[in-house]
$ cat coords.txt   # compact mmCIF, C-alpha atoms
# COMPACT_ATOMS: atom_id res chain seq x y z
CA MET A 1 15.52 -2.41 -4.62
CA LEU A 2 12.38 -0.38 -5.29
CA GLY A 3 11.70 -2.51 -8.35
CA ALA A 4 12.25 -5.74 -6.42
CA LEU A 5 9.97 -4.67 -3.57
CA TYR A 6 7.25 -3.37 -5.88
CA PHE A 7 7.20 -6.27 -8.37
CA LEU A 8 8.64 -9.47 -6.88
CA PRO A 9 6.20 -9.99 -3.96
CA ALA A 10 3.26 -9.90 -6.38
CA MET A 11 5.01 -11.90 -9.10
CA LEU A 12 5.20 -15.16 -7.15
CA PRO A 13 1.43 -15.33 -6.45
CA PHE A 14 0.82 -14.50 -10.11
CA LEU A 15 3.12 -17.19 -11.53
CA PHE A 16 2.83 -19.92 -8.92
CA ASN A 17 -0.45 -19.14 -7.11
CA VAL A 18 1.41 -18.53 -3.83
CA SER A 19 -1.16 -17.52 -1.21
CA SER A 20 0.76 -14.54 0.19
CA PHE A 21 3.07 -11.71 -0.83
CA ALA A 22 5.32 -12.64 2.10
CA VAL A 23 7.56 -15.05 0.17
CA GLY A 24 8.45 -12.48 -2.48
CA THR A 25 8.97 -9.77 0.13
CA VAL A 26 11.38 -11.97 2.09
CA VAL A 27 13.30 -12.83 -1.10
CA SER A 28 13.54 -9.14 -2.02
CA LEU A 29 14.85 -8.22 1.43
CA ALA A 30 17.32 -11.12 1.35
CA MET A 31 18.68 -9.58 -1.86
CA PHE A 32 19.04 -6.26 -0.06
CA TRP A 33 20.89 -7.85 2.86
CA PHE A 34 23.28 -9.45 0.38
CA PHE A 35 23.95 -6.06 -1.26
CA TYR A 36 24.30 -4.49 2.19
CA GLY A 37 26.74 -7.16 3.37
CA MET A 38 28.83 -6.77 0.22
CA GLY A 39 29.05 -3.03 0.80
CA TRP A 40 27.21 -2.19 -2.44
CA THR A 41 24.62 0.08 -0.81
CA PRO A 42 25.08 3.87 -1.11
CA LYS A 43 25.43 4.45 2.63
CA ARG A 44 25.72 2.41 5.82
CA SER A 45 24.66 3.64 9.25
CA ALA A 46 24.92 1.57 12.42
CA GLY A 47 22.62 4.07 14.11
CA MET A 48 19.67 3.23 11.87
CA ALA A 49 20.24 -0.49 12.46
CA GLY A 50 20.06 0.09 16.22
CA ILE A 51 16.84 2.07 15.91
CA GLY A 52 15.40 -0.70 13.74
CA TRP A 53 16.22 -3.36 16.33
CA LEU A 54 14.71 -1.30 19.16
CA TRP A 55 11.44 -0.85 17.26
CA THR A 56 11.44 -4.52 16.28
CA LEU A 57 11.86 -5.65 19.87
CA ALA A 58 9.17 -3.30 21.15
CA ILE A 59 6.65 -4.36 18.48
CA ALA A 60 7.42 -8.05 19.03
CA ILE A 61 6.86 -7.78 22.80
CA PHE A 62 3.62 -5.86 22.34
CA THR A 63 2.34 -8.31 19.69
CA ILE A 64 3.05 -11.35 21.85
CA LEU A 65 1.46 -9.83 24.96
CA HIS A 66 -1.57 -8.76 22.93
CA LEU A 67 -1.85 -12.29 21.49
CA VAL A 68 -1.72 -13.84 24.96
CA VAL A 69 -4.71 -11.77 26.08
CA ALA A 70 -6.52 -12.40 22.77
CA SER A 71 -6.11 -16.15 23.29
CA GLN A 72 -8.23 -15.82 26.43
CA ILE A 73 -11.03 -14.22 24.41
CA ALA A 74 -11.01 -16.37 21.26
CA THR A 75 -9.19 -19.34 19.77
CA VAL A 76 -5.89 -18.33 18.15
CA ASP A 77 -3.47 -20.07 15.81
CA VAL A 78 -0.22 -19.52 17.71
CA GLY A 79 1.99 -21.10 15.04
CA ARG A 80 0.60 -18.82 12.33
CA ALA A 81 1.07 -15.76 14.53
CA LEU A 82 4.67 -16.52 15.53
CA THR A 83 5.75 -17.42 11.99
CA SER A 84 4.26 -14.19 10.69
CA LEU A 85 5.83 -12.23 13.55
CA ALA A 86 9.29 -13.49 12.55
CA ILE A 87 8.69 -12.20 9.01
CA LEU A 88 7.42 -8.87 10.34
CA MET A 89 10.51 -8.43 12.54
CA PHE A 90 12.73 -9.09 9.52
CA MET A 91 10.77 -6.48 7.55
CA ILE A 92 11.11 -3.79 10.26
CA VAL A 93 14.87 -4.19 10.69
CA SER A 94 15.33 -4.23 6.92
CA ALA A 95 13.16 -1.12 6.53
CA ALA A 96 15.38 0.78 8.97
CA LEU A 97 18.47 -0.06 6.94
CA LEU A 98 16.68 0.69 3.68
CA ALA A 99 15.95 4.17 5.00
CA ASP A 100 19.68 4.82 4.90
CA THR A 101 20.11 3.54 1.35
CA LEU A 102 17.01 4.21 -0.75
CA PHE A 103 16.75 7.85 0.28
CA VAL A 104 20.39 8.94 -0.01
CA ILE A 105 20.47 8.82 -3.81
CA ASP A 106 20.99 12.21 -5.46
CA ASP A 107 17.96 13.98 -6.89
CA SER A 108 18.66 13.33 -10.57
CA ALA A 109 19.31 9.61 -10.05
CA LEU A 110 16.15 9.26 -7.96
CA ALA A 111 14.11 11.05 -10.64
CA ARG A 112 15.46 8.68 -13.30
CA ALA A 113 14.70 5.66 -11.14
CA MET A 114 11.12 6.73 -10.48
CA THR A 115 10.54 7.52 -14.17
CA LEU A 116 11.85 4.09 -15.11
CA LEU A 117 9.54 2.48 -12.54
CA ALA A 118 6.57 4.38 -13.98
CA LEU A 119 7.42 3.28 -17.52
CA LEU A 120 7.60 -0.32 -16.30
CA PHE A 121 4.16 0.01 -14.68
CA PHE A 122 2.69 1.41 -17.90
CA SER A 123 4.39 -1.28 -19.98
CA PHE A 124 2.97 -4.06 -17.79
CA ALA A 125 -0.51 -2.52 -18.03
CA ALA A 126 -0.28 -2.07 -21.81
CA LEU A 127 0.87 -5.66 -22.33
CA SER A 128 -1.96 -6.90 -20.09
CA ILE A 129 -4.55 -4.93 -22.07
CA ALA A 130 -3.09 -6.42 -25.26
CA GLY A 131 -3.35 -9.91 -23.74
CA ILE A 132 0.41 -10.43 -23.66
CA GLN A 133 1.39 -11.81 -20.27
CA PRO A 134 2.24 -15.14 -18.61
CA PRO A 135 -0.62 -17.46 -17.66
CA THR A 136 -1.79 -17.37 -14.05
CA GLN A 137 -3.81 -19.69 -11.82
CA SER A 138 -5.12 -16.78 -9.77
CA ILE A 139 -8.88 -16.27 -9.62
CA GLY A 140 -8.43 -12.49 -9.61
CA GLU A 141 -10.29 -10.56 -12.28
CA LYS A 142 -8.25 -8.94 -15.06
CA PRO A 143 -4.75 -9.76 -13.75
CA ILE A 144 -1.94 -7.40 -14.75
CA PHE A 145 1.42 -9.14 -14.62
CA PRO A 146 2.99 -9.23 -12.08
CA TYR A 147 -0.20 -8.37 -10.12
CA THR A 148 -3.10 -10.79 -9.79
CA GLU A 149 -5.61 -7.94 -9.88
CA PRO A 150 -5.65 -4.28 -11.00
CA SER A 151 -6.19 -2.96 -7.48
CA PHE A 152 -2.81 -4.39 -6.40
CA PHE A 153 -1.29 -2.59 -9.39
CA ALA A 154 -3.06 0.61 -8.29
CA PHE A 155 -1.98 0.79 -4.64
CA THR A 156 1.60 -0.13 -5.55
CA PHE A 157 1.75 2.50 -8.30
CA ALA A 158 0.20 5.27 -6.16
CA PRO A 159 3.42 6.62 -4.53
CA VAL A 160 5.24 6.52 -7.87
CA LEU A 161 2.54 8.54 -9.63
CA ILE A 162 2.27 11.03 -6.76
CA TYR A 163 6.03 11.59 -6.72
CA LEU A 164 6.21 12.10 -10.49
CA CYS A 165 3.29 14.53 -10.42
CA VAL A 166 4.59 16.72 -7.59
CA SER A 167 8.15 16.82 -8.97
CA ALA A 168 7.45 17.36 -12.68
CA PRO A 169 6.59 20.51 -14.67
CA LEU A 170 2.88 21.18 -15.09
CA TRP A 171 2.65 19.86 -18.66
CA LEU A 172 4.31 16.59 -17.65
CA ARG A 173 2.00 16.21 -14.63
CA LEU A 174 -0.96 16.41 -17.00
CA VAL A 175 0.64 13.77 -19.23
CA TRP A 176 1.15 11.36 -16.32
CA LEU A 177 -2.37 11.94 -14.99
CA THR A 178 -4.03 11.60 -18.39
CA ALA A 179 -2.13 8.41 -19.16
CA THR A 180 -3.07 6.88 -15.79
CA LEU A 181 -6.70 7.96 -16.14
CA THR A 182 -6.79 6.26 -19.55
CA LEU A 183 -5.43 3.09 -17.94
CA ALA A 184 -8.06 3.26 -15.19
CA LEU A 185 -10.83 3.47 -17.80
CA LEU A 186 -9.38 0.69 -19.96
CA LEU A 187 -8.87 -1.55 -16.93
CA ALA A 188 -12.22 -0.49 -15.41
CA ASN A 189 -10.60 -0.13 -12.01
CA LEU A 190 -12.02 2.22 -9.39
CA THR A 191 -8.96 1.98 -7.12
CA LEU A 192 -6.72 3.30 -9.90
CA MET A 193 -9.28 6.04 -10.54
CA PHE A 194 -8.96 7.04 -6.88
CA VAL A 195 -5.16 7.12 -7.24
CA VAL A 196 -5.46 9.52 -10.20
CA LEU A 197 -7.79 11.79 -8.21
CA LEU A 198 -5.42 11.77 -5.23
CA ALA A 199 -2.38 12.60 -7.39
CA ALA A 200 -4.29 15.37 -9.18
CA ALA A 201 -5.51 16.89 -5.91
CA VAL A 202 -2.01 17.11 -4.47
CA SER A 203 -0.17 18.28 -7.59
CA LEU A 204 -2.38 20.46 -9.80
CA PRO A 205 -2.94 24.19 -9.21
CA LEU A 206 -6.57 24.99 -8.43
CA LEU A 207 -6.88 26.95 -11.69
CA VAL A 208 -5.99 23.75 -13.54
CA LEU A 209 -7.60 21.21 -11.21
CA ALA A 210 -11.13 22.63 -11.38
CA PRO A 211 -11.44 22.77 -15.22
CA SER A 212 -9.69 19.40 -15.47
CA LEU A 213 -12.32 17.80 -13.25
CA VAL A 214 -15.11 19.43 -15.27
CA ALA A 215 -13.57 18.17 -18.51
CA ALA A 216 -13.09 14.68 -17.10
CA ILE A 217 -16.71 14.52 -15.87
CA SER A 218 -17.99 15.77 -19.22
CA PHE A 219 -15.95 13.17 -21.07
CA ALA A 220 -17.04 10.44 -18.66
CA SER A 221 -20.69 11.21 -19.37
CA LEU A 222 -20.11 10.01 -22.94
CA LEU A 223 -18.81 6.61 -21.80
CA ASP A 224 -20.42 3.46 -20.44
CA LEU A 225 -19.51 3.65 -16.77
CA SER A 226 -21.87 0.94 -15.55
CA TYR A 227 -18.97 -1.00 -14.03
CA PHE A 228 -17.98 1.97 -11.88
CA THR A 229 -21.56 2.70 -10.80
CA ASP A 230 -22.00 -0.97 -9.87
CA ARG A 231 -18.75 -0.75 -7.94
CA ILE A 232 -20.11 2.00 -5.67
CA ASP A 233 -23.38 0.19 -4.99
CA PHE A 234 -22.66 -0.63 -1.35
CA THR A 235 -25.65 -2.91 -0.77
CA LEU A 236 -25.75 -6.63 -0.15
CA THR A 237 -27.88 -7.13 -3.27
CA SER A 238 -24.83 -6.20 -5.39
CA ARG A 239 -23.26 -8.90 -7.55
CA ASN A 240 -19.98 -7.00 -7.85
CA LEU A 241 -17.38 -9.08 -6.01
CA SER A 242 -15.06 -6.14 -5.34
CA THR A 243 -17.87 -4.19 -3.71
CA LEU A 244 -18.94 -7.13 -1.58
CA VAL A 245 -15.36 -7.77 -0.48
CA TYR A 246 -15.03 -4.12 0.57
CA ILE A 247 -18.31 -4.26 2.52
CA GLN A 248 -17.11 -7.50 4.09
CA GLY A 249 -13.97 -5.74 5.36
CA TRP A 250 -15.99 -3.18 7.30
CA GLN A 251 -18.34 -5.85 8.62
CA LEU A 252 -15.42 -8.02 9.76
CA LEU A 253 -13.97 -5.00 11.57
CA GLU A 254 -17.25 -4.32 13.34
CA GLU A 255 -17.73 -7.98 14.24
CA SER A 256 -14.19 -8.36 15.61
CA LEU A 257 -14.38 -5.22 17.74
CA ARG A 258 -17.77 -6.26 19.09
CA ASP A 259 -16.88 -9.87 19.85
CA THR A 260 -13.56 -9.04 21.54
CA MET A 261 -14.84 -5.93 23.34
CA GLY A 262 -12.38 -3.79 21.40
CA TRP A 263 -9.28 -5.86 22.15
CA GLY A 264 -8.92 -7.55 18.77
CA LEU A 265 -8.53 -11.12 17.54
CA GLY A 266 -4.74 -11.19 17.76
CA PHE A 267 -1.99 -10.90 15.16
CA GLN A 268 -2.78 -12.77 11.93
CA GLN A 269 -6.04 -14.23 13.30
CA LEU A 270 -8.56 -12.53 11.00
CA GLY A 271 -10.48 -15.14 9.03
CA ILE A 272 -9.09 -18.03 11.06
CA GLY A 273 -12.05 -18.39 13.40
CA TYR A 274 -15.76 -18.46 12.61
CA THR A 275 -17.36 -15.40 11.07
CA ASN A 276 -20.98 -14.73 10.25
CA VAL A 277 -21.14 -11.35 8.54
CA PRO A 278 -23.77 -10.85 5.79
CA ALA A 279 -21.26 -9.94 3.04
CA SER A 280 -19.33 -13.18 3.62
CA ILE A 281 -22.53 -15.19 3.31
CA ARG A 282 -23.39 -13.34 0.10
CA LEU A 283 -19.94 -13.99 -1.38
CA ASN A 284 -20.15 -17.66 -0.49
CA GLN A 285 -23.54 -17.88 -2.19
CA LEU A 286 -22.17 -16.32 -5.37
CA LEU A 287 -18.85 -18.16 -5.51
CA GLY A 288 -19.27 -21.29 -3.45
CA PHE A 289 -16.25 -20.40 -1.29
CA ASP A 290 -14.97 -17.62 0.99
CA LEU A 291 -13.00 -14.66 -0.34
CA ASN A 292 -10.54 -12.26 1.33
CA LEU A 293 -11.40 -13.30 4.87
CA THR A 294 -7.80 -13.30 6.10
CA ASP A 295 -6.72 -9.96 4.60
CA GLY A 296 -9.94 -8.00 5.17
CA SER A 297 -9.46 -6.49 1.67
CA PHE A 298 -7.84 -3.32 3.10
CA ILE A 299 -5.30 -2.79 5.86
CA PHE A 300 -7.54 -0.81 8.22
CA ALA A 301 -10.02 -3.70 8.34
CA LYS A 302 -7.24 -6.17 9.09
CA VAL A 303 -5.23 -4.22 11.65
CA GLY A 304 -8.38 -2.97 13.39
CA SER A 305 -9.85 -6.48 13.55
CA GLU A 306 -6.66 -8.03 14.88
CA PHE A 307 -5.43 -5.32 17.26
CA GLY A 308 -8.74 -3.73 18.21
CA VAL A 309 -8.56 -0.16 19.50
CA PHE A 310 -4.76 -0.27 19.17
CA GLY A 311 -5.12 -1.01 15.47
CA VAL A 312 -7.68 1.75 15.07
CA LEU A 313 -5.32 4.21 16.77
CA LEU A 314 -2.42 3.08 14.57
CA SER A 315 -4.56 3.60 11.48
CA ALA A 316 -5.48 7.07 12.75
CA VAL A 317 -1.77 7.89 13.04
CA CYS A 318 -1.22 6.72 9.45
CA ILE A 319 -4.10 8.91 8.26
CA TYR A 320 -2.60 11.85 10.17
CA LEU A 321 0.78 11.26 8.49
CA ALA A 322 -0.92 11.06 5.09
CA ILE A 323 -2.71 14.38 5.70
CA LYS A 324 0.56 16.03 6.78
CA SER A 325 2.28 14.67 3.69
CA PHE A 326 -0.55 15.95 1.50
CA ILE A 327 -0.09 19.43 2.95
CA ALA A 328 3.70 19.23 2.65
CA LEU A 329 3.50 18.23 -1.03
CA ARG A 330 0.61 20.52 -1.91
CA PHE A 331 2.44 23.58 -0.59
CA ALA A 332 5.98 22.41 -1.33
CA PRO A 333 8.26 25.19 -2.58
CA ARG A 334 9.01 25.06 -6.29
CA GLY A 335 11.97 26.14 -8.37
CA GLU A 336 15.39 26.52 -6.78
CA GLU A 337 14.04 26.22 -3.22
CA ARG A 338 12.23 22.93 -3.79
CA ILE A 339 12.50 20.29 -1.09
CA PRO A 340 14.97 17.41 -1.68
CA ALA A 341 13.73 14.59 -3.91
CA SER A 342 14.25 12.02 -1.15
CA LEU A 343 11.99 13.96 1.21
CA MET A 344 9.44 14.43 -1.55
CA LEU A 345 9.46 10.68 -2.22
CA CYS A 346 8.92 9.92 1.48
CA HIS A 347 5.88 12.18 1.59
CA ALA A 348 4.57 10.59 -1.62
CA ILE A 349 4.93 7.15 -0.02
CA LEU A 350 3.08 8.19 3.15
CA LEU A 351 0.29 9.81 1.14
CA GLY A 352 0.01 6.89 -1.29
CA ALA A 353 -0.28 4.46 1.62
CA ILE A 354 -3.79 5.80 2.25
CA VAL A 355 -4.93 3.71 -0.73
CA GLU A 356 -3.68 0.47 0.81
CA LEU A 357 -5.01 1.47 4.22
CA LEU A 358 -8.57 2.47 3.31
CA VAL A 359 -9.34 1.37 -0.26
CA ARG A 360 -7.64 -1.90 -1.21
CA GLY A 361 -4.75 -3.79 0.35
CA ALA A 362 -3.29 -7.28 0.42
CA ASN A 363 -1.71 -8.03 3.81
CA TYR A 364 1.05 -6.85 6.13
CA PHE A 365 3.83 -8.40 4.07
CA THR A 366 3.84 -6.44 0.82
CA GLY A 367 6.89 -4.65 -0.50
CA SER A 368 4.94 -1.38 -0.32
CA ILE A 369 4.57 -1.82 3.45
CA VAL A 370 8.36 -2.22 3.76
CA ILE A 371 8.87 0.96 1.74
CA PHE A 372 6.28 2.75 3.91
CA LEU A 373 8.13 1.74 7.08
CA SER A 374 11.40 2.83 5.52
CA ALA A 375 9.93 6.25 4.70
CA CYS A 376 8.77 6.59 8.32
CA PHE A 377 12.27 5.80 9.61
CA PHE A 378 13.84 8.30 7.21
CA LEU A 379 11.44 11.11 8.09
CA SER A 380 12.00 10.43 11.78
CA ARG A 381 15.74 10.84 11.25
CA VAL A 382 15.22 14.04 9.25
CA LYS A 383 13.03 15.47 12.02
CA LYS A 384 15.66 14.66 14.67
CA SER A 385 18.47 16.20 12.62
CA ARG A 386 16.45 19.40 12.15
CA LEU A 387 15.74 19.54 15.90
CA GLY A 388 19.45 19.16 16.56
CA GLU A 389 20.24 22.03 14.20
CA ARG A 390 17.76 24.30 16.02
CA ILE A 391 19.25 23.41 19.39
$ encode --input "coords.txt" --output "structure tokens"
Amino acid sequence: MLGALYFLPAMLPFLFNVSSFAVGTVVSLAMFWFFYGMGWTPKRSAGMAGIGWLWTLAIAIFTILHLVVASQIATVDVGRALTSLAILMFMIVSAALLADTLFVIDDSALARAMTLLALLFFSFAALSIAGIQPPTQSIGEKPIFPYTEPSFFAFTFAPVLIYLCVSAPLWLRLVWLTATLTLALLLANLTLMFVVLLAAAVSLPLLVLAPSLVAAISFASLLDLSYFTDRIDFTLTSRNLSTLVYIQGWQLLEESLRDTMGWGLGFQQLGIGYTNVPASIRLNQLLGFDLNLTDGSFIFAKVGSEFGVFGVLLSAVCIYLAIKSFIALRFAPRGEERIPASLMLCHAILLGAIVELLVRGANYFTGSIVIFLSACFFLSRVKKSRLGERI
């Protein structure tokens, strides 16, 4: 299921130029429901299903009420919103059930599964670098099958790398980090570079982290890093499309909050109405068409634009959870008293989500979002069970 959710949603846009990850995510979850109905999942819990339905109902009511008010402020596409809401509800219920299946695997099996996933990621990247991959109609730069662009590869791979680094011996952590850093340089992808830095910061002892950073900086000084320096040129004179798209996301957020007085445009309404931000104009001048208007290029831009202050608060909660997970993993007990692998994976997922939230994302309907929701449900159950034990 992890493989299906990580790879299939991106594969359909790569092969068939589908405009959204939603189709592949729905197909992946339909597979899960089939396995669940056949009784092939490791564990079944009616309680988690009930919690999933309660959250789904609450979110659906809030989204519809918010959309009704937003429709009085700006023009909304009701059909687009309701269709997307149906998909989101399906994702939330499925995530609750997944929390009772993905995270009940024993530690050794989970470690094997995550290692296999990592090897698949590296294999896809290596084949892409060698030019061996299916053709794609996507306009994304440097596609890596099954991802239309390296940044999608990066934010999907982030939780896997973090988990492997915090659960492996020190020598193996260095192997994983070095291999991923090499990929980031070969692919010239800043998002993947950020993922390596995040994984190193949470997993390496300070006595190793500091000299490793010095060595990496010294080595980098010998290379041509003009692509990366262009990537961090956050001015409208830049010709780097990734940089302009990122700037556009922040400008769309500011414009939406200003125009709706902090309420937001409504669910799935970003990029539907008229926008006049400088980065969008610059992109249109360079390409002749708009780019990433509906997804905002990262989740914070999209959820903040569409839900206003509510979206900003939700993003703040996600950042808080990521910080807590960073602390939990950074100071996790080692050796015989180590925390369970399932709990470690959940924290890795919450921490890795910061990449999709603040650096580069696709939309609400990625497999990684489903896995993030599932991790939240699982951690909520763990917290309640611990509270019950104390009582």
$ residues_around --input "coords.txt" --residues "Ala130 in chain A" --least-positions-apart "6" --cutoff "12 Å" --atoms "all atoms listed in the file" --output "PyMOL selection string"
chain A and resi 123-124+142+144-145+186-187
$ closest_atom_pairs --input "coords.txt" --of "range 58-151 of chain A" --to "range 3-14 of chain A" --cutoff "9 Å" --atoms "all atoms listed in the file" --output "JSON lines"
{"residue": "A:Leu117", "atom": "CA", "partner": "A:Gly3", "partner_atom": "CA", "distance": 6.9}
{"residue": "A:Pro134", "atom": "CA", "partner": "A:Phe14", "partner_atom": "CA", "distance": 8.6}
{"residue": "A:Pro135", "atom": "CA", "partner": "A:Phe14", "partner_atom": "CA", "distance": 8.2}
{"residue": "A:Thr136", "atom": "CA", "partner": "A:Phe14", "partner_atom": "CA", "distance": 5.5}
{"residue": "A:Gln137", "atom": "CA", "partner": "A:Phe14", "partner_atom": "CA", "distance": 7.2}
{"residue": "A:Ser138", "atom": "CA", "partner": "A:Phe14", "partner_atom": "CA", "distance": 6.4}
{"residue": "A:Pro143", "atom": "CA", "partner": "A:Phe14", "partner_atom": "CA", "distance": 8.2}
{"residue": "A:Ile144", "atom": "CA", "partner": "A:Phe14", "partner_atom": "CA", "distance": 8.9}
{"residue": "A:Phe145", "atom": "CA", "partner": "A:Phe14", "partner_atom": "CA", "distance": 7.0}
{"residue": "A:Pro146", "atom": "CA", "partner": "A:Met11", "partner_atom": "CA", "distance": 4.5}
{"residue": "A:Tyr147", "atom": "CA", "partner": "A:Ala10", "partner_atom": "CA", "distance": 5.3}
{"residue": "A:Thr148", "atom": "CA", "partner": "A:Phe14", "partner_atom": "CA", "distance": 5.4}
$ closest_residue --input "coords.txt" --among "A:Glu306, A:Ile105, A:Leu291, A:Val214" --to "Glu255 in chain A" --atoms "all atoms listed in the file"
A:Glu306
$ residues_around --input "coords.txt" --residues "range 365-373 of chain A" --least-positions-apart "2" --cutoff "6 Å" --atoms "only C-alpha atoms" --output "PyMOL selection string"
chain A and resi 5-6+21-22+25+95+363+375-376
$ closest_residue --input "coords.txt" --among "A:Gly308, A:Gly352, A:Pro211, A:Gly288" --to "Gly262 in chain A" --atoms "all atoms listed in the file"
A:Gly308
$ closest_residue --input "coords.txt" --among "A:Leu329, A:Ile319, A:Ala111, A:Ile272" --to "Arg80 in chain A" --atoms "only C-alpha atoms"
A:Ile272
$ residues_around --input "coords.txt" --residues "Val359 in chain A" --least-positions-apart "2" --cutoff "12 Å" --atoms "only C-alpha atoms" --output "NGL selection string"
:A and (151-152 or 154-155 or 158 or 189-195 or 242-243 or 245-247 or 249-250 or 296-301 or 352-357 or 361-362)
$ closest_residue --input "coords.txt" --among "A:Asp106, A:Asp290, A:Asp77, A:Glu149" --to "Gln269 in chain A" --atoms "all atoms listed in the file"
A:Asp77
$ atom_distance --input "coords.txt" --atom1 "CA of Trp40 in chain A" --atom2 "CA of Val382 in chain A"
23.3 Å
$ atom_distance --input "coords.txt" --atom1 "CA of Phe103 in chain A" --atom2 "CA of Phe378 in chain A"
7.5 Å
$ closest_atom_pairs --input "coords.txt" --of "range 58-161 of chain A" --to "range 273-277 of chain A" --cutoff "9 Å" --atoms "only C-alpha atoms" --output "Markdown table"
| residue | atom | partner | partner_atom | distance |
| --- | --- | --- | --- | --- |
| A:Ala74 | CA | A:Gly273 | CA | 8.2 |
| A:Thr75 | CA | A:Gly273 | CA | 7.0 |
| A:Val76 | CA | A:Gly273 | CA | 7.8 |
$ closest_residue --input "coords.txt" --among "A:Met1, A:Met91, A:Ile323, A:Val196" --to "Val175 in chain A" --atoms "only C-alpha atoms"
A:Val196
